[in-house]
Amino acid sequence: MLYLAAFFLHCLPLAMGQYDICKSWVTTDDGPSWEFYACQPKAMRMKDYVTVRVDPAGITCGDPPERFCTHENPYLCSDECDASNPDLAHPPRLMFDSEAEGLATYWQSVTWRRYPEPLLANITLSWNKSIELTDDIVITFEYGRPTAMMLEKSLDNGRTWHPYQYYADDCMEAFGMPARRVRELSATSANRVLCTEEFSRWAGSKKEKTVRFQVRDRFAIFAGPDLKNMDNLYTRLESAKGLKDFFTVTDLRMRLLRPALGGTYVQRENLYKYFYAVSNIEVTGRCKCNLHANLCTFREGSLQCECEHNTTGQDCGKCKKNFRSRSWRAGSYLPLPNGSPNACAAAGSAFGNCECYGHSNRCSYIDFLNVVTCVSCKHNTRGQHCQHCRLGFYRNSSAELDDENVCIECNCNQIGSMHDRCNETGYCECKEGATGPKCDDCLPNYYWRQGCFPNVCDDELLLCQNGGTCYQNQRCICPVGFKGVLCQQSRCEADKKDCDGAHGARGGPGTVLLAVLTLQLRAWADL
């Protein structure tokens with residue numbers, strides 16, 4: 001009876017949701033035993049376990065105290081930010097506190113008092129743990145949403161970063177990308193990084209406050225508008241290349257690039273109304289436990305999976321000691337409805353023989369280590385059981401370990417990447433200014449010319465001096481009589497008479513056109 005009671009207690013959650021139990025007690029002809037399933041923890045509010053960092057230093061307002069005003073009352077600048085006064089301070093922790101009696105508390109940046117120098121701020125959220133997003137990321141801004149910002153993600157605790165989504169009131173102007181909506185994506189492009197204008201246009205700071213990363217709309221591509229067809233979503237997460245990793249992060253970073261402008265150009269006579277203010281950040285997700293745990297607890301300052309299936313580690317990412325007779329594998333959502341646990345097996349079990357997953361037909365016994373290892377692994381694999389990929393290759397998430405195509409070449413761009421190796425998701429380590437999975441694109445404010453180089457000039461910021469014009473952000477075209485990177489030097493400082501003549505001969509349209517054609521020919525020659 002005890003066995004029967006235990007069986008019903010474990011089976012009850014199966015009727016209430018998918019992948020929420022790891023095992024159940026069953027009776028067979030050979031006697032009672034555990035039956036294992038793929039399993040995962042429930043979703044929860046991840047902001048309760050996050051560590052936040054804001055940079056650069058000094059970007060938070062209040063030290064020294066300063067006044068600010070709003071777009072609604074731009075000349076009534078009676079509000080004050082003062083870090084030494086708890087009632088007037090706006091530290092980063094206020095992005096995650098509870099709002100009392102409907103009063104918004106918020107982190108706030110300094111005002112744009114150094115215009116035209118860009119007002120830039122980074123907000124970094126870290127969990128020191130892999131998490132899987134299950135709902136939209138929602139960022140609430142007070143006093144207006146940024147007119148340009150980026151959301152970035154890291155899969156390796158902040159060592160490398162990759163674009164997640166771009167936001168701007170004009171995507172082409174800000175990032176050189178056409179604007180797209182998530183709802184326009186297809187099943188083959190569900191993990192595409194795009195730029196949206198949906199959350200950046202000015203509509204009044206009190207009317208529209210939120211900026212979203214739309215996880216649910218991407219899920220809906222497979223599960224339908226009401227997310228009722230979850231079986232199809234789980235199937236695609238398992239089989240579509242890179243899709244599961246797209247919703248996995250260890251860190252998130254918001255790069256705030258330009259504040260709300262109130263629907264107009266920057267009004268230099270009143271810079272106290274330009275700043276960033278964030279009152280709330282909602283991140284909903286679950287601990288990534290590789291389908292080997294249905295519980296995740298917070299202890300000793302970090303999240304930890306309560307591992308089943310004879311696995312261990314923060315993400316249940318390896319087999320326990322004495323259960324390593326075959327290589328560790330993540331659980332699988334397939335076959336539906338319970339998935340495959342891919343449990344680690346003890347020596348002497350049915351999995352006790354050396355396994356090379358079809359990548360080698362020879363094994364060797366290493367006496368002094370007391371282990372059996374595969375020899376001459378093929379198909380770009382390596383390791384004791386040919387279970388890892390060679391340097392320069394990464395694991396094909398849509399292929400089983402015994403697939404000949406289990407390892408895919410990194411194909412890192414030789415110019416934009418640090419080397420030809422990539423991480424487990426296929427992302428290469430990029431040189432400064434380069435971005436993209438293969439490091440073959442440039443970050444904003446960089447341009448590509450056999451590598452990524454920082455923009456020299458910008459028409460909007462008017463960096464070219466003495467009447468010079470900015471050419472493709474790469475160089476200043478100087479009028480006659482001036483030279484230098486920013487046209488800041490006179491060509492004839494030694495001879496005042498010649499200087500006067502040169503200064504008087506400002507470059508006309510023909511001169512500028514000739515200079516542009518010359519630069520274009522040089523650019524072609526460099527390609």
# chains A, B, ... in the order shown; residues from 1 in each chain; ligands from 1
>>> residues_around(residues="Trp448 (chain A)", least_positions_apart="6", cutoff="10 Å", atoms="only C-alpha atoms", output="mmCIF file with N, CA, C and O atoms, in the first residue's frame")
data_model
loop_
_atom_site.group_PDB
_atom_site.id
_atom_site.type_symbol
_atom_site.label_atom_id
_atom_site.label_comp_id
_atom_site.auth_asym_id
_atom_site.auth_seq_id
_atom_site.Cartn_x
_atom_site.Cartn_y
_atom_site.Cartn_z
ATOM 1 N N GLY A 416 37.605 39.773 -37.419
ATOM 2 C CA GLY A 416 36.860 40.335 -36.302
ATOM 3 C C GLY A 416 36.963 39.565 -35.004
ATOM 4 O O GLY A 416 36.607 40.093 -33.949
ATOM 5 N N GLY A 433 34.986 46.323 -30.729
ATOM 6 C CA GLY A 433 34.184 46.939 -31.779
ATOM 7 C C GLY A 433 33.412 45.962 -32.629
ATOM 8 O O GLY A 433 32.430 46.331 -33.268
ATOM 9 N N ALA A 434 33.832 44.676 -32.646
ATOM 10 C CA ALA A 434 33.146 43.672 -33.471
ATOM 11 C C ALA A 434 32.024 43.020 -32.678
ATOM 12 O O ALA A 434 32.035 42.976 -31.454
ATOM 13 N N ASP A 440 31.454 39.140 -37.361
ATOM 14 C CA ASP A 440 31.553 39.687 -38.709
ATOM 15 C C ASP A 440 30.723 40.949 -38.887
ATOM 16 O O ASP A 440 30.405 41.349 -40.007
ATOM 17 N N ASP A 441 30.350 41.572 -37.783
ATOM 18 C CA ASP A 441 29.605 42.821 -37.825
ATOM 19 C C ASP A 441 30.225 43.783 -36.819
ATOM 20 O O ASP A 441 31.066 43.387 -36.014
ATOM 21 N N CYS A 442 29.810 45.036 -36.851
ATOM 22 C CA CYS A 442 30.369 46.040 -35.945
ATOM 23 C C CYS A 442 29.289 46.583 -35.020
ATOM 24 O O CYS A 442 28.124 46.689 -35.398
ATOM 25 N N PRO A 454 36.554 52.533 -34.644
ATOM 26 C CA PRO A 454 35.615 53.502 -34.070
ATOM 27 C C PRO A 454 35.366 54.662 -35.021
ATOM 28 O O PRO A 454 36.261 55.091 -35.749
ATOM 29 N N ASN A 455 34.121 55.129 -35.024
ATOM 30 C CA ASN A 455 33.782 56.290 -35.843
ATOM 31 C C ASN A 455 34.653 57.482 -35.458
ATOM 32 O O ASN A 455 34.870 57.757 -34.272
ATOM 33 N N GLN A 474 33.729 57.988 -40.964
ATOM 34 C CA GLN A 474 35.076 57.429 -40.988
ATOM 35 C C GLN A 474 36.165 58.502 -40.971
ATOM 36 O O GLN A 474 37.250 58.248 -40.459
#
>>> select_by_dssp(residues="region 246-425 of chain A", states="helix (DSSP H, G or I)", output="ChimeraX atom specification")
/A:246,271-273
>>> select_by_dssp(residues="region 422-468 of chain A", states="strand (DSSP E or B)", output="JSON, numbers by chain")
{"A": [422, 428, 429, 430, 434, 435, 441, 442, 446, 447, 448, 452, 453, 454]}
>>> atom_distance(atom1="CA of Leu88 (chain A)", atom2="CA of Val278 (chain A)")
15.2 Å
>>> atom_distance(atom1="CA of Arg324 (chain A)", atom2="CA of Val26 (chain A)")
25.0 Å
>>> residues_around(residues="Asn322 (chain A)", least_positions_apart="6", cutoff="10 Å", atoms="only C-alpha atoms", output="PyMOL selection string")
chain A and resi 310+344-347
>>> residues_around(residues="region 187-191 of chain A", least_positions_apart="4", cutoff="8 Å", atoms="only C-alpha atoms", output="compact mmCIF listing (two decimals) with all heavy atoms, in the first residue's frame")
# COMPACT_ATOMS: atom_id res chain seq x y z
N ARG A 218 7.50 35.49 -29.04
CA ARG A 218 8.38 34.53 -29.73
C ARG A 218 7.91 33.10 -29.45
O ARG A 218 7.94 32.25 -30.35
CB ARG A 218 9.82 34.74 -29.31
CG ARG A 218 10.41 36.08 -29.79
CD ARG A 218 11.85 36.26 -29.38
NE ARG A 218 12.36 37.59 -29.65
CZ ARG A 218 13.17 37.91 -30.65
NH1 ARG A 218 13.59 36.98 -31.47
NH2 ARG A 218 13.60 39.16 -30.80
N ILE A 221 4.97 31.99 -31.70
CA ILE A 221 5.25 31.55 -33.08
C ILE A 221 5.05 30.04 -33.19
O ILE A 221 4.62 29.53 -34.23
CB ILE A 221 6.69 31.95 -33.48
CG1 ILE A 221 6.83 33.47 -33.51
CG2 ILE A 221 7.08 31.34 -34.82
CD1 ILE A 221 8.25 33.96 -33.70
N PHE A 222 5.35 29.32 -32.11
CA PHE A 222 5.22 27.86 -32.12
C PHE A 222 4.00 27.37 -31.33
O PHE A 222 3.38 26.38 -31.71
CB PHE A 222 6.48 27.23 -31.52
CG PHE A 222 7.75 27.72 -32.13
CD1 PHE A 222 8.57 28.61 -31.45
CD2 PHE A 222 8.12 27.33 -33.41
CE1 PHE A 222 9.74 29.08 -32.02
CE2 PHE A 222 9.28 27.79 -33.98
CZ PHE A 222 10.09 28.68 -33.29
N GLY A 242 19.84 26.36 -31.76
CA GLY A 242 20.07 27.61 -31.05
C GLY A 242 18.86 28.22 -30.38
O GLY A 242 18.98 29.24 -29.69
N LEU A 243 17.67 27.61 -30.52
CA LEU A 243 16.46 28.24 -29.98
C LEU A 243 16.43 28.18 -28.46
O LEU A 243 16.11 29.18 -27.80
CB LEU A 243 15.22 27.56 -30.56
CG LEU A 243 13.89 28.24 -30.25
CD1 LEU A 243 13.86 29.66 -30.79
CD2 LEU A 243 12.73 27.44 -30.83
N PHE A 246 18.77 30.65 -27.01
CA PHE A 246 18.36 32.04 -27.21
C PHE A 246 17.64 32.58 -25.98
O PHE A 246 17.79 33.76 -25.64
CB PHE A 246 17.45 32.15 -28.43
CG PHE A 246 17.02 33.55 -28.74
CD1 PHE A 246 17.86 34.44 -29.39
CD2 PHE A 246 15.76 34.00 -28.36
CE1 PHE A 246 17.47 35.75 -29.65
CE2 PHE A 246 15.34 35.30 -28.63
CZ PHE A 246 16.21 36.17 -29.28
>>> closest_residue(among="A:Pro178, A:Pro225, A:Pro337, A:Gly331", to="Lys318 (chain A)", atoms="only C-alpha atoms")
A:Gly331
>>> residues_around(residues="Asn290 (chain A)", least_positions_apart="5", cutoff="9 Å", atoms="only C-alpha atoms", output="list in words")
Ala38, Cys39, Gln40, Asp315, Cys316, Gly317, Arg329, Ala330, Gly331 and Ser332 of chain A
>>> atom_distance(atom1="CA of Cys407 (chain A)", atom2="CA of Gly158 (chain A)")
25.0 Å
>>> closest_residue(among="A:Tyr365, A:Phe323, A:Tyr19, A:Tyr272", to="Thr111 (chain A)", atoms="only C-alpha atoms")
A:Tyr272
>>> residues_around(residues="region 485-491 of chain A", least_positions_apart="5", cutoff="9 Å", atoms="only C-alpha atoms", output="list in words")
Val456, Cys457, Leu463, Cys464, Gln465, Asn466, Gly467, Gly468, Cys470, Arg475, Cys476, Ile477, Cys478, Pro479, Val480, Cys499, Ala502 and His503 of chain A
>>> closest_residue(among="A:Arg53, A:Arg253, A:Arg93, A:Lys207", to="Pro163 (chain A)", atoms="only C-alpha atoms")
A:Arg253
>>> closest_residue(among="A:Met418, A:Asn270, A:Thr134, A:Ala174", to="Cys430 (chain A)", atoms="only C-alpha atoms")
A:Met418
>>> residues_around(residues="Phe175 (chain A)", least_positions_apart="2", cutoff="12 Å", atoms="only C-alpha atoms", output="number ranges by chain")
A: 147-150, 163, 165-173, 177-179, 194-197, 257, 441-447
>>> write_last_selection(atoms="C-alpha atoms", output="compact mmCIF listing (two decimals), in the first residue's frame")
# COMPACT_ATOMS: atom_id res chain seq x y z
CA THR A 147 15.02 57.17 -27.66
CA ALA A 148 17.88 54.68 -28.16
CA MET A 149 18.97 51.68 -26.10
CA MET A 150 20.26 48.11 -26.43
CA PRO A 163 23.14 41.83 -28.69
CA GLN A 165 17.48 43.51 -29.08
CA TYR A 166 17.85 47.11 -30.27
CA TYR A 167 15.37 49.89 -29.43
CA ALA A 168 15.14 53.32 -31.08
CA ASP A 169 12.66 55.92 -32.29
CA ASP A 170 14.45 55.61 -35.65
CA CYS A 171 16.20 52.25 -36.04
CA MET A 172 17.88 53.09 -39.32
CA GLU A 173 19.34 56.31 -37.96
CA MET A 177 18.84 48.51 -39.20
CA PRO A 178 15.27 48.51 -40.51
CA ALA A 179 12.59 48.42 -37.81
CA LEU A 194 16.06 42.82 -34.35
CA CYS A 195 15.51 46.54 -33.83
CA THR A 196 12.07 47.78 -32.82
CA GLU A 197 10.58 51.28 -32.72
CA LEU A 257 22.31 55.40 -25.31
CA ASP A 441 29.61 42.82 -37.83
CA CYS A 442 30.37 46.04 -35.95
CA LEU A 443 28.81 47.58 -32.86
CA PRO A 444 27.10 50.96 -33.16
CA ASN A 445 29.62 53.80 -33.48
CA TYR A 446 32.06 51.48 -35.30
CA TYR A 447 32.47 50.89 -39.03
